[in-house]
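K.L.:
Sharing entry.txt, compact mmCIF, C-alpha atoms and all ligand atoms:
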```
# COMPACT_ATOMS: atom_id res chain seq x y z
CA MET O 217 -18.94 27.93 -2.73
CA SER O 218 -15.78 29.35 -1.20
CA ASP O 219 -12.37 28.98 -2.86
CA ARG O 220 -11.07 26.92 0.06
CA LEU O 221 -9.40 23.67 -0.88
CA PRO O 222 -11.16 20.87 0.99
CA GLY O 223 -9.28 19.33 3.91
CA PHE O 224 -8.34 15.68 4.28
CA SER O 225 -11.44 14.60 6.24
CA THR O 226 -13.72 16.31 3.73
CA LEU O 227 -11.97 14.56 0.85
CA ALA O 228 -12.23 11.22 2.68
CA VAL O 229 -16.04 11.60 2.69
CA HIS O 230 -16.66 13.34 -0.64
CA ALA O 231 -13.82 13.11 -3.18
CA GLY O 232 -14.92 11.53 -6.44
CA ALA O 233 -18.57 11.10 -5.40
CA GLN O 234 -21.77 12.97 -6.21
CA PRO O 235 -25.45 12.08 -5.99
CA ASP O 236 -26.26 9.49 -8.64
CA PRO O 237 -27.46 11.46 -11.70
CA THR O 238 -30.31 9.07 -12.55
CA THR O 239 -31.67 8.09 -9.12
CA GLY O 240 -30.39 10.73 -6.70
CA ALA O 241 -28.83 8.01 -4.53
CA ARG O 242 -26.49 9.80 -2.10
CA ALA O 243 -24.21 6.89 -1.26
CA THR O 244 -22.19 5.68 -4.25
CA PRO O 245 -24.20 2.84 -5.83
CA ILE O 246 -22.68 -0.57 -6.53
CA TYR O 247 -22.68 -0.77 -10.34
CA GLN O 248 -22.81 -4.55 -10.34
CA THR O 249 -22.59 -5.03 -14.09
CA THR O 250 -19.99 -6.58 -16.35
CA SER O 251 -20.55 -4.28 -19.33
CA PHE O 252 -21.95 -0.95 -20.51
CA VAL O 253 -24.08 -0.13 -23.57
CA PHE O 254 -22.47 2.14 -26.20
CA ASN O 255 -24.35 5.22 -27.47
CA ASP O 256 -23.64 4.25 -31.08
CA ALA O 257 -20.97 2.67 -33.25
CA ASP O 258 -18.77 5.79 -33.31
CA HIS O 259 -18.87 6.03 -29.53
CA ALA O 260 -17.84 2.38 -29.25
CA ALA O 261 -14.95 2.89 -31.67
CA SER O 262 -13.69 5.98 -29.85
CA LEU O 263 -13.76 4.19 -26.48
CA PHE O 264 -11.79 1.27 -27.89
CA GLY O 265 -9.27 3.61 -29.52
CA LEU O 266 -8.69 5.59 -26.27
CA GLN O 267 -10.04 8.75 -27.97
CA ALA O 268 -12.81 9.07 -25.39
CA PHE O 269 -13.11 8.11 -21.73
CA GLY O 270 -16.03 5.92 -20.74
CA ASN O 271 -17.16 2.54 -19.54
CA ILE O 272 -16.70 -0.57 -21.66
CA TYR O 273 -16.30 -3.63 -19.46
CA THR O 274 -15.68 -3.96 -15.70
CA ARG O 275 -12.28 -5.64 -16.18
CA ILE O 276 -11.07 -2.27 -17.55
CA GLY O 277 -13.14 0.11 -15.42
CA ASN O 278 -16.38 0.48 -13.44
CA PRO O 279 -18.19 3.58 -12.09
CA THR O 280 -18.09 2.40 -8.44
CA ASN O 281 -14.39 1.67 -8.75
CA ALA O 282 -13.89 5.06 -10.44
CA VAL O 283 -15.15 6.87 -7.32
CA LEU O 284 -12.69 4.89 -5.21
CA GLU O 285 -9.88 5.73 -7.64
CA GLU O 286 -10.64 9.44 -7.60
CA ARG O 287 -10.93 9.47 -3.81
CA VAL O 288 -7.61 7.76 -3.13
CA ALA O 289 -5.85 9.89 -5.79
CA ALA O 290 -7.17 12.99 -3.97
CA LEU O 291 -6.11 11.73 -0.52
CA GLU O 292 -2.61 10.87 -1.77
CA GLY O 293 -2.21 14.05 -3.85
CA GLY O 294 -1.76 12.12 -7.12
CA THR O 295 -3.09 12.83 -10.63
CA ALA O 296 -4.99 9.55 -11.09
CA ALA O 297 -5.34 6.06 -9.63
CA LEU O 298 -6.27 2.53 -10.65
CA ALA O 299 -8.05 0.12 -8.31
CA VAL O 300 -7.25 -3.59 -8.61
CA ALA O 301 -8.19 -6.82 -6.82
CA SER O 302 -5.49 -6.83 -4.11
CA GLY O 303 -2.31 -5.17 -2.94
CA HIS O 304 -0.27 -7.86 -4.64
CA ALA O 305 -2.12 -7.29 -7.92
CA ALA O 306 -1.18 -3.59 -7.67
CA GLN O 307 2.49 -4.52 -7.36
CA VAL O 308 2.41 -6.83 -10.42
CA VAL O 309 0.57 -4.28 -12.56
CA VAL O 310 2.99 -1.47 -11.61
CA LEU O 311 6.15 -3.43 -12.33
CA GLN O 312 4.78 -4.86 -15.59
CA GLN O 313 4.72 -1.30 -17.01
CA LEU O 314 8.32 -0.67 -15.95
CA LEU O 315 10.36 -3.84 -16.39
CA GLN O 316 11.29 -5.97 -19.38
CA PRO O 317 12.68 -9.48 -18.85
CA GLY O 318 16.25 -9.22 -17.57
CA ASP O 319 15.65 -5.85 -15.89
CA GLU O 320 16.20 -5.14 -12.21
CA PHE O 321 14.45 -3.26 -9.43
CA ILE O 322 15.79 -2.36 -6.01
CA ALA O 323 13.61 -3.19 -3.00
CA ALA O 324 13.99 -2.41 0.66
CA ARG O 325 14.74 -5.55 2.63
CA LYS O 326 12.10 -4.68 5.26
CA LEU O 327 8.80 -5.48 3.54
CA TYR O 328 5.54 -7.31 4.01
CA GLY O 329 6.40 -11.04 3.95
CA GLY O 330 4.11 -11.66 0.99
CA SER O 331 5.96 -9.00 -1.03
CA ILE O 332 9.30 -10.66 -0.26
CA ASN O 333 7.91 -13.94 -1.63
CA GLN O 334 6.31 -12.28 -4.67
CA PHE O 335 9.53 -10.44 -5.58
CA THR O 336 11.83 -13.41 -4.92
CA HIS O 337 9.88 -16.17 -6.67
CA ALA O 338 6.98 -15.05 -8.89
CA PHE O 339 8.72 -11.96 -10.30
CA LYS O 340 11.90 -13.93 -10.93
CA SER O 341 9.88 -16.26 -13.15
CA PHE O 342 8.94 -13.18 -15.24
CA GLY O 343 12.63 -12.28 -15.59
CA TRP O 344 12.32 -9.31 -13.20
CA ASN O 345 15.26 -9.40 -10.82
CA VAL O 346 14.98 -7.93 -7.34
CA VAL O 347 18.11 -6.46 -5.72
CA TRP O 348 17.72 -5.97 -1.97
CA ALA O 349 18.87 -2.87 -0.09
CA ASP O 350 18.77 -1.88 3.58
CA PRO O 351 16.32 0.97 4.30
CA ASP O 352 18.49 2.00 7.26
CA ASP O 353 21.51 2.42 4.96
CA ILE O 354 20.69 4.85 2.14
CA GLU O 355 24.03 4.19 0.43
CA SER O 356 23.06 0.56 -0.03
CA PHE O 357 20.43 1.81 -2.51
CA GLU O 358 23.04 3.84 -4.41
CA ARG O 359 25.38 0.87 -4.57
CA ALA O 360 22.60 -1.34 -5.96
CA VAL O 361 21.90 0.89 -9.01
CA THR O 362 22.95 -0.59 -12.40
CA PRO O 363 22.08 0.34 -16.01
CA ARG O 364 19.26 -2.26 -15.82
CA THR O 365 17.64 -0.74 -12.71
CA LYS O 366 14.08 0.38 -13.57
CA ALA O 367 12.54 1.23 -10.19
CA ILE O 368 13.02 1.45 -6.43
CA PHE O 369 10.38 -0.04 -4.09
CA ILE O 370 10.03 0.77 -0.37
CA GLU O 371 7.37 0.78 2.38
CA SER O 372 6.71 4.12 4.16
CA ILE O 373 6.08 2.44 7.52
CA ALA O 374 7.80 -0.91 7.09
CA ASN O 375 6.96 -4.42 8.13
CA PRO O 376 7.22 -6.15 10.44
CA ALA O 377 8.30 -3.75 13.19
CA GLY O 378 6.66 -0.51 12.02
CA SER O 379 10.00 1.18 11.28
CA ILE O 380 9.92 4.50 9.41
CA THR O 381 11.66 4.84 6.03
CA ASP O 382 13.50 8.02 5.02
CA ILE O 383 11.45 8.53 1.84
CA GLU O 384 13.12 11.81 0.84
CA ALA O 385 16.64 10.37 1.03
CA ILE O 386 15.68 7.37 -1.09
CA SER O 387 13.80 9.58 -3.56
CA THR O 388 17.04 11.52 -4.07
CA VAL O 389 18.77 8.25 -5.00
CA ALA O 390 15.93 7.42 -7.42
CA ARG O 391 16.12 10.88 -9.07
CA LYS O 392 19.86 10.52 -9.55
CA ALA O 393 19.42 7.05 -11.05
CA GLY O 394 16.60 8.31 -13.33
CA VAL O 395 14.11 5.72 -12.06
CA PRO O 396 10.73 6.11 -10.32
CA LEU O 397 10.32 5.63 -6.57
CA ILE O 398 7.40 3.33 -5.70
CA VAL O 399 6.15 3.57 -2.11
CA ASP O 400 3.88 0.97 -0.52
CA ASN O 401 1.90 3.22 1.85
CA THR O 402 -0.34 0.49 3.29
CA LEU O 403 0.69 0.69 6.95
CA ALA O 404 0.64 4.50 7.08
CA SER O 405 -2.36 5.33 4.90
CA PRO O 406 -2.40 8.87 3.46
CA TYR O 407 -3.77 10.12 6.78
CA LEU O 408 -0.36 9.59 8.41
CA ILE O 409 2.04 9.94 5.46
CA ARG O 410 1.61 11.24 1.90
CA PRO O 411 4.67 9.83 0.10
CA ILE O 412 4.14 12.01 -3.01
CA ASP O 413 4.82 15.09 -0.85
CA HIS O 414 8.23 13.50 -0.09
CA GLY O 415 9.24 12.59 -3.64
CA ALA O 416 7.42 9.32 -4.46
CA ASP O 417 6.45 8.89 -8.13
CA ILE O 418 4.03 5.98 -7.61
CA VAL O 419 2.13 4.95 -4.47
CA VAL O 420 0.62 1.49 -4.00
CA HIS O 421 -1.71 0.21 -1.31
CA SER O 422 -3.25 -2.92 -0.06
CA LEU O 423 -6.76 -1.47 0.45
CA THR O 424 -7.40 -4.66 2.42
CA LYS O 425 -5.77 -3.03 5.46
CA PHE O 426 -6.34 0.43 6.96
CA LEU O 427 -8.06 2.09 3.97
CA GLY O 428 -10.89 -0.47 3.88
CA GLY O 429 -10.23 -0.82 7.56
CA HIS O 430 -12.79 -3.40 8.63
CA GLY O 431 -11.14 -6.68 7.66
CA ASN O 432 -13.91 -7.58 5.21
CA SER O 433 -12.70 -6.87 1.64
CA LEU O 434 -9.55 -7.35 -0.39
CA GLY O 435 -8.42 -4.62 -2.74
CA GLY O 436 -5.39 -2.75 -4.04
CA ILE O 437 -4.69 0.59 -5.67
CA ILE O 438 -2.00 2.33 -7.71
CA VAL O 439 -1.64 6.13 -7.51
CA ASP O 440 0.24 8.06 -10.20
CA ALA O 441 1.99 11.16 -8.85
CA GLY O 442 2.32 12.52 -12.40
CA THR O 443 5.90 13.52 -11.63
CA PHE O 444 8.02 11.15 -13.70
CA ASP O 445 9.21 11.79 -17.28
CA TRP O 446 8.86 8.39 -18.97
CA SER O 447 10.32 9.51 -22.28
CA THR O 448 13.98 9.77 -21.29
CA GLY O 449 16.50 7.34 -22.70
CA GLY O 450 13.99 4.82 -24.07
CA LYS O 451 14.00 3.11 -20.66
CA TYR O 452 10.21 2.77 -20.42
CA PRO O 453 8.97 1.63 -23.83
CA MET O 454 5.48 0.72 -22.53
CA LEU O 455 4.97 4.45 -21.91
CA SER O 456 7.13 6.14 -24.51
CA GLU O 457 6.84 3.94 -27.63
CA PRO O 458 3.87 3.55 -30.01
CA ARG O 459 1.39 0.95 -28.74
CA PRO O 460 0.35 -1.45 -31.49
CA GLU O 461 -2.85 -2.45 -29.62
CA TYR O 462 -4.03 1.21 -29.66
CA HIS O 463 -3.36 2.34 -33.24
CA GLY O 464 0.23 3.31 -32.45
CA ILE O 465 -0.45 6.00 -29.82
CA ARG O 466 2.29 6.83 -27.31
CA LEU O 467 0.83 6.88 -23.80
CA GLN O 468 3.05 9.56 -22.30
CA GLU O 469 2.64 11.85 -25.30
CA THR O 470 -1.16 11.41 -25.27
CA PHE O 471 -1.91 11.35 -21.54
CA GLY O 472 0.89 13.46 -20.01
CA ASN O 473 0.94 13.48 -16.24
CA PHE O 474 -1.48 10.59 -15.81
CA ALA O 475 0.07 8.33 -18.47
CA PHE O 476 1.29 5.84 -15.89
CA ALA O 477 -2.19 5.30 -14.44
CA ILE O 478 -3.52 4.86 -18.00
CA ALA O 479 -0.79 2.33 -18.83
CA CYS O 480 -1.65 0.35 -15.69
CA ARG O 481 -5.31 0.27 -16.78
CA VAL O 482 -5.15 -0.27 -20.55
CA LEU O 483 -2.05 -2.47 -20.68
CA GLY O 484 -1.82 -3.95 -17.16
CA LEU O 485 -5.34 -4.49 -15.83
CA ARG O 486 -6.84 -5.12 -19.28
CA ASP O 487 -4.37 -7.88 -20.12
CA LEU O 488 -3.51 -9.39 -16.73
CA GLY O 489 -7.09 -9.18 -15.45
CA PRO O 490 -7.02 -8.61 -11.66
CA ALA O 491 -10.15 -6.40 -11.60
CA LEU O 492 -11.65 -5.25 -8.28
CA SER O 493 -15.24 -6.28 -7.66
CA PRO O 494 -17.53 -3.19 -7.47
CA PHE O 495 -18.94 -4.65 -4.26
CA ASN O 496 -15.48 -4.54 -2.67
CA ALA O 497 -14.99 -1.00 -4.00
CA PHE O 498 -18.22 0.00 -2.23
CA MET O 499 -17.11 -1.59 1.06
CA ILE O 500 -13.70 0.09 0.84
CA LEU O 501 -15.21 3.50 -0.03
CA THR O 502 -17.43 3.24 3.04
CA GLY O 503 -14.36 2.41 5.11
CA ILE O 504 -12.40 5.39 3.76
CA GLU O 505 -15.10 7.82 4.94
CA THR O 506 -13.96 7.20 8.53
CA LEU O 507 -10.22 6.79 7.81
CA PRO O 508 -9.11 9.95 9.69
CA LEU O 509 -11.15 9.02 12.80
CA ARG O 510 -10.05 5.39 12.80
CA MET O 511 -6.39 6.06 12.05
CA GLN O 512 -6.06 8.55 14.90
CA LYS O 513 -7.66 6.10 17.33
CA HIS O 514 -5.45 3.24 16.03
CA CYS O 515 -2.35 5.38 16.66
CA ASP O 516 -3.44 6.62 20.08
CA ASN O 517 -4.27 3.07 21.20
CA ALA O 518 -1.00 1.71 19.77
CA LYS O 519 1.00 4.27 21.71
CA ALA O 520 -0.80 3.43 24.97
CA VAL O 521 -0.30 -0.31 24.41
CA ALA O 522 3.40 0.20 23.51
CA GLU O 523 3.93 2.25 26.67
CA PHE O 524 2.25 -0.45 28.78
CA LEU O 525 4.39 -3.19 27.21
CA ALA O 526 7.61 -1.18 27.64
CA GLY O 527 6.95 -1.11 31.39
CA HIS O 528 6.04 -4.81 31.76
CA PRO O 529 8.57 -7.15 33.44
CA ALA O 530 7.94 -10.04 30.97
CA VAL O 531 8.78 -7.82 27.97
CA ALA O 532 12.40 -7.54 26.80
CA SER O 533 11.94 -4.73 24.28
CA VAL O 534 9.33 -2.82 22.25
CA ASN O 535 9.87 -1.59 18.67
CA TYR O 536 7.42 1.28 18.22
CA ALA O 537 8.50 4.45 16.46
CA GLY O 538 5.96 6.43 18.48
CA LEU O 539 8.00 5.91 21.69
CA PRO O 540 10.55 8.72 22.25
CA SER O 541 13.24 6.11 23.06
CA ASP O 542 12.80 4.32 19.72
CA LYS O 543 15.54 4.50 17.08
CA TYR O 544 12.98 5.57 14.45
CA HIS O 545 11.38 8.27 16.59
CA PRO O 546 13.13 11.20 14.81
CA LEU O 547 11.92 9.87 11.42
CA ALA O 548 8.42 9.34 12.86
CA ARG O 549 8.32 12.97 14.01
CA LYS O 550 9.32 14.14 10.54
CA TYR O 551 7.16 11.86 8.38
CA ALA O 552 4.26 10.83 10.63
CA PRO O 553 3.71 13.57 13.22
CA LYS O 554 0.06 12.52 13.86
CA GLY O 555 1.13 9.03 14.94
CA ALA O 556 3.51 6.21 14.08
CA GLY O 557 0.85 3.76 12.92
CA ALA O 558 -0.61 0.79 14.77
CA VAL O 559 1.56 -2.16 13.69
CA PHE O 560 4.65 -2.93 15.74
CA THR O 561 6.59 -5.73 17.38
CA PHE O 562 7.86 -6.48 20.85
CA SER O 563 9.98 -9.29 22.24
CA LEU O 564 9.41 -11.48 25.26
CA LYS O 565 12.03 -12.49 27.81
CA GLY O 566 10.61 -16.04 27.73
CA GLY O 567 11.47 -16.59 24.02
CA TYR O 568 9.57 -18.88 21.64
CA ASP O 569 7.45 -20.65 24.29
CA ALA O 570 6.39 -17.33 25.83
CA GLY O 571 5.32 -16.10 22.36
CA VAL O 572 3.19 -19.19 21.72
CA ASN O 573 1.77 -18.96 25.24
CA LEU O 574 0.85 -15.29 24.82
CA VAL O 575 -1.07 -15.72 21.57
CA SER O 576 -3.00 -18.65 23.01
CA LYS O 577 -3.98 -16.72 26.18
CA LEU O 578 -5.08 -13.45 24.54
CA GLN O 579 -8.86 -13.17 24.22
CA LEU O 580 -9.65 -9.76 22.74
CA PHE O 581 -6.72 -9.84 20.29
CA SER O 582 -7.42 -12.24 17.40
CA HIS O 583 -4.58 -14.58 16.43
CA LEU O 584 -4.42 -14.25 12.66
CA ALA O 585 -2.30 -13.12 9.69
CA ASN O 586 -3.64 -9.66 8.87
CA VAL O 587 -3.20 -6.03 9.91
CA GLY O 588 -5.28 -2.87 9.76
CA ASP O 589 -8.62 -4.16 11.04
CA THR O 590 -10.89 -2.32 13.51
CA ARG O 591 -10.24 -5.36 15.73
CA SER O 592 -6.90 -5.84 17.49
CA LEU O 593 -4.78 -8.60 15.98
CA VAL O 594 -1.74 -10.56 17.12
CA ILE O 595 0.66 -12.99 15.50
CA HIS O 596 3.77 -14.84 16.61
CA PRO O 597 5.76 -14.78 13.34
CA ALA O 598 8.28 -17.47 14.35
CA SER O 599 5.57 -20.15 14.68
CA THR O 600 3.49 -18.92 11.69
CA THR O 601 4.40 -16.55 8.83
CA HIS O 602 8.17 -17.00 9.26
CA SER O 603 8.21 -20.64 10.49
CA GLN O 604 9.96 -21.85 7.30
CA LEU O 605 13.09 -19.77 8.09
CA ASP O 606 15.94 -20.93 10.33
CA ASP O 607 16.56 -19.01 13.58
CA ALA O 608 19.26 -16.76 12.10
CA ALA O 609 17.08 -15.79 9.13
CA LYS O 610 14.10 -15.21 11.44
CA THR O 611 16.12 -12.83 13.60
CA LYS O 612 17.52 -10.99 10.55
CA SER O 613 14.05 -10.31 9.20
CA GLY O 614 12.86 -8.98 12.58
CA ALA O 615 10.88 -12.14 13.38
CA GLY O 616 13.07 -13.85 15.98
CA PRO O 617 11.58 -16.63 18.16
CA ASP O 618 10.81 -14.13 20.97
CA VAL O 619 9.04 -11.57 18.72
CA VAL O 620 5.27 -10.89 18.72
CA ARG O 621 3.58 -8.54 16.23
CA LEU O 622 0.47 -6.51 17.09
CA SER O 623 -1.97 -4.59 14.92
CA VAL O 624 -3.77 -2.46 17.47
CA GLY O 625 -7.47 -1.89 16.78
CA ILE O 626 -9.95 0.80 17.77
CA GLU O 627 -11.42 -0.82 20.88
CA ASP O 628 -11.07 0.88 24.30
CA LYS O 629 -7.37 0.93 25.15
CA GLU O 630 -8.07 -0.06 28.76
CA ASP O 631 -9.60 -3.33 27.52
CA LEU O 632 -6.64 -4.06 25.24
CA ILE O 633 -4.16 -3.43 28.05
CA ALA O 634 -6.19 -5.61 30.46
CA ASP O 635 -6.16 -8.45 27.93
CA LEU O 636 -2.38 -8.21 27.48
CA GLU O 637 -1.92 -8.00 31.23
CA GLN O 638 -3.84 -11.22 31.92
CA ALA O 639 -2.09 -13.06 29.08
CA LEU O 640 1.43 -11.91 30.03
CA GLY O 641 0.90 -12.45 33.75
CA ALA O 642 -0.66 -15.90 33.57
C1 LIG U 701 -1.19 -6.94 2.95
C2 LIG U 701 -0.10 -6.17 2.33
C3 LIG U 701 0.21 -6.30 0.98
C4 LIG U 701 -0.52 -7.26 0.08
O1 LIG U 701 -1.84 -6.89 -0.06
P1 LIG U 701 -3.05 -7.92 -0.38
O2 LIG U 701 -4.22 -7.04 -0.44
O3 LIG U 701 -3.07 -8.93 0.73
O4 LIG U 701 -2.68 -8.55 -1.69
C5 LIG U 701 1.24 -5.52 0.48
N1 LIG U 701 1.93 -4.67 1.26
C6 LIG U 701 1.65 -4.53 2.56
C7 LIG U 701 2.46 -3.57 3.37
C8 LIG U 701 0.64 -5.27 3.15
O5 LIG U 701 0.38 -5.12 4.45
```
Take the structure I supplied and represent it as structure tokens, if you would.
P.N.:
Amino acid sequence: MSDRLPGFSTLAVHAGAQPDPTTGARATPIYQTTSFVFNDADHAASLFGLQAFGNIYTRIGNPTNAVLEERVAALEGGTAALAVASGHAAQVVVLQQLLQPGDEFIAARKLYGGSINQFTHAFKSFGWNVVWADPDDIESFERAVTPRTKAIFIESIANPAGSITDIEAISTVARKAGVPLIVDNTLASPYLIRPIDHGADIVVHSLTKFLGGHGNSLGGIIVDAGTFDWSTGGKYPMLSEPRPEYHGIRLQETFGNFAFAIACRVLGLRDLGPALSPFNAFMILTGIETLPLRMQKHCDNAKAVAEFLAGHPAVASVNYAGLPSDKYHPLARKYAPKGAGAVFTFSLKGGYDAGVNLVSKLQLFSHLANVGDTRSLVIHPASTTHSQLDDAAKTKSGAGPDVVRLSVGIEDKEDLIADLEQALGA
């Protein structure tokens, strides 16, 4: 073996996996079992006391899921990861380790709609208070910091318009405030952006989207960068204080630079329960093997479709950071030089009716509420995901009545453009 560090595509195929030691199976098997037999009573006791690593029960860990965890940690450049049942489950588990009731976290205003709901309503009922900031105005993050701030949450490529966030600038704010920066890297995937390289302390994903990539399995993951010191100022007692449920051990002291991933597993996943099915882990692992190939094709197709739309007389404007004229193009060149992702919005001169008309006429694009599928997807937010908002609120969140969102798939770009052409022209 040479001393070369494996490249990204090699890691996407191999990281975390080896031939199954008992059967020789080359693909990672689906360990479809709830529980695992202990070697003896001492072994059982040491597993329960966190003195040894090993399998106990699939709500806490599973060998198929472990391969997925190791692979995504490697792709993101983190120390460890924890797979959970969905992207939203990842967000709950992360914040549960960081916030006590009455605490605050700062979140970028441009987020996945489901995250806005989760933060505004569900998290409020836990006593976790979200304070919104504008990702285009870095000072708005500084102004939002208070003594109760425990974290900052942003998306790398942000919903709904695929805008690019200045991760390094916001990480500087987080450092100064002494809080971790959490980056939702779902729309970029580590192929396009590795937030840890730009100062993120925690990365979360909805594996449901580009990482799984085939629109067939829900999943989520948390990656620990291993960069944050949880012991300062008693701000993070879950990590720094003795844990009564584990004989008084302190997680940071015991587990060092992967203490956060351990806390998410042994305090978050164990007690909240959103475990990922090993079957879904298998589907997502298979998807990740082709992530670099798919992501490049997604980006190349998205750029071609955006260029076509920008030149079409029925289109008022296109928001795609991959176009040189776009306001986010300089940030895209810095953070995502291989491509600006495949999710973006455009607006139609014909307004609301033109949006409804377009989604009903498209044939190859599926009209549904998802992104990051091999198939091309379309949604008219004003008549669907954002229909409960008034017109002013729709426009403010980037989902005005004339706006259509695309998630461009990996079909032939000529076919996608032909479909848009017939639907726009008719
Ligand atoms: C879909 C999505 C989520 C939520 O993930 P689920 O797997 O649906 O729970 C979070 N963030 C972003 C950016 C998403 O696209």
K.L.:
Rank nothing, just name the residue among O:Ala615, O:Val347, O:Ala479, O:Val439 nearest to Ser456 in chain O, using all atoms listed in the file.
P.N.:
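Between O:Ala615, O:Val347, O:Ala479, O:Val439, the residue approaching Ser456 in chain O most closely is O:Ala479.
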K.L.:
Using all atoms listed in the file, what table do you get, as a Markdown table, when you list each residue of range 406-467 of chain O with an atom no more than 10 Å from range 287-303 of chain O, its nearest pair of atoms, and their distance in Å rounded to one decimal, rows by chain then rising number?
P.N.:
```
| residue | atom | partner | partner_atom | distance |
| --- | --- | --- | --- | --- |
| O:Pro406 | CA | O:Glu292 | CA | 5.6 |
| O:Tyr407 | CA | O:Leu291 | CA | 7.8 |
| O:Ile409 | CA | O:Glu292 | CA | 8.6 |
| O:Arg410 | CA | O:Glu292 | CA | 5.6 |
| O:Pro411 | CA | O:Glu292 | CA | 7.6 |
| O:Ile412 | CA | O:Gly293 | CA | 6.7 |
| O:Asp413 | CA | O:Gly293 | CA | 7.7 |
| O:Ala416 | CA | O:Gly294 | CA | 10.0 |
| O:Asp417 | CA | O:Gly294 | CA | 8.9 |
| O:Ile418 | CA | O:Gly294 | CA | 8.5 |
| O:Val419 | CA | O:Glu292 | CA | 8.1 |
| O:Val420 | CA | O:Gly303 | CA | 7.4 |
| O:His421 | CA | O:Gly303 | CA | 5.7 |
| O:Ser422 | CA | O:Gly303 | CA | 3.8 |
| O:Leu423 | CA | O:Gly303 | CA | 6.7 |
| O:Thr424 | CA | O:Ser302 | CA | 7.1 |
| O:Lys425 | CA | O:Gly303 | CA | 9.3 |
| O:Leu427 | CA | O:Val288 | CA | 9.1 |
| O:Ser433 | CA | O:Ser302 | CA | 9.2 |
| O:Leu434 | CA | O:Ser302 | CA | 5.5 |
| O:Gly435 | CA | O:Ser302 | CA | 3.9 |
| O:Gly436 | CA | O:Gly303 | CA | 4.1 |
| O:Ile437 | CA | O:Ala299 | CA | 4.3 |
| O:Ile438 | CA | O:Leu298 | CA | 5.2 |
| O:Val439 | CA | O:Ala297 | CA | 4.3 |
| O:Asp440 | CA | O:Gly294 | CA | 5.5 |
| O:Ala441 | CA | O:Gly294 | CA | 4.2 |
| O:Gly442 | CA | O:Thr295 | CA | 5.7 |
| O:Thr443 | CA | O:Gly294 | CA | 9.0 |
```
K.L.:
Would you pick out the contacts of Gly277 in chain O at 12 Å or less, using all atoms listed in the file, so that residues sharing its chain but fewer than 6 positions from it are not included, and give the list as a ChimeraX atom specification?
P.N.:
/O:247-252,263,269-271,283-285,297-300,478,480-482,485-486,489-494,497
K.L.:
Go through O:Asp353, O:Asp569, O:Asp382, O:Asp589 and flag the residue nearest ligand LIG 701 (chain U), using all atoms listed in the file for the distances.
P.N.:
O:Asp589
K.L.:
Show which residues sit within 10 Å of Gly557 in chain O, as a PyMOL selection string. Count only C-alpha atoms, and ignore same-chain residues fewer than 2 positions away.
P.N.:
chain O and resi 373+378-380+403-405+407-409+426+511-519+536-538+548+552+554-555+559-560+588+623-624
K.L.:
May I ask which of the residues O:Tyr452, O:Phe495, O:Tyr551, O:Phe562 is the closest one to Ala522 in chain O, counting all atoms listed in the file?
P.N.:
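Using all atoms listed in the file, Ala522 in chain O sits closest to O:Phe562.
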K.L.:
Report, in Å to a single decimal, how far apart CA of Asn586 in chain O and CA of Phe339 in chain O are.
P.N.:
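So the two atoms, CA of Phe339 in chain O and CA of Asn586 in chain O, lie 22.9 Å apart.
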K.L.:
Could you tell me how far CA of Ala385 in chain O sits from CA of Ile332 in chain O, in Å to one decimal place?
P.N.:
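Atom-to-atom, CA of Ile332 in chain O and CA of Ala385 in chain O are spaced 22.3 Å apart.
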K.L.:
Show me, as number ranges by chain, the residues that have an atom within 9 Å of Gly329 in chain O when counting only C-alpha atoms, minus same-chain residues fewer than 2 positions from it.
P.N.:
O: 326-327, 331-334, 375-376, 601-602
K.L.:
Identify which of the residues O:Leu311, O:Ala324, O:Ile246, O:Leu509 lies closest to Val229 in chain O, counting all atoms listed in the file when measuring atom-to-atom distances.
P.N.:
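When distances to Val229 in chain O are compared using all atoms listed in the file, the smallest one comes from O:Leu509.
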K.L.:
Write out, as JSON lines, each residue of range 480-534 of chain O that has an atom at most 12 Å from range 231-240 of chain O, together with the closest pair of atoms and their distance in Å to one decimal, counting all atoms listed in the file, rows going by chain and rising number.
P.N.:
```
{"residue": "O:Phe498", "atom": "CA", "partner": "O:Ala233", "partner_atom": "CA", "distance": 11.5}
{"residue": "O:Leu501", "atom": "CA", "partner": "O:Ala233", "partner_atom": "CA", "distance": 9.9}
{"residue": "O:Thr502", "atom": "CA", "partner": "O:Ala233", "partner_atom": "CA", "distance": 11.6}
{"residue": "O:Ile504", "atom": "CA", "partner": "O:Ala231", "partner_atom": "CA", "distance": 10.5}
{"residue": "O:Glu505", "atom": "CA", "partner": "O:Ala231", "partner_atom": "CA", "distance": 9.8}
```
K.L.:
If you measure from CA of Thr590 in chain O to CA of Glu627 in chain O, what distance in Å do you get, rounded to one decimal?
P.N.:
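It comes out at 7.5 Å.
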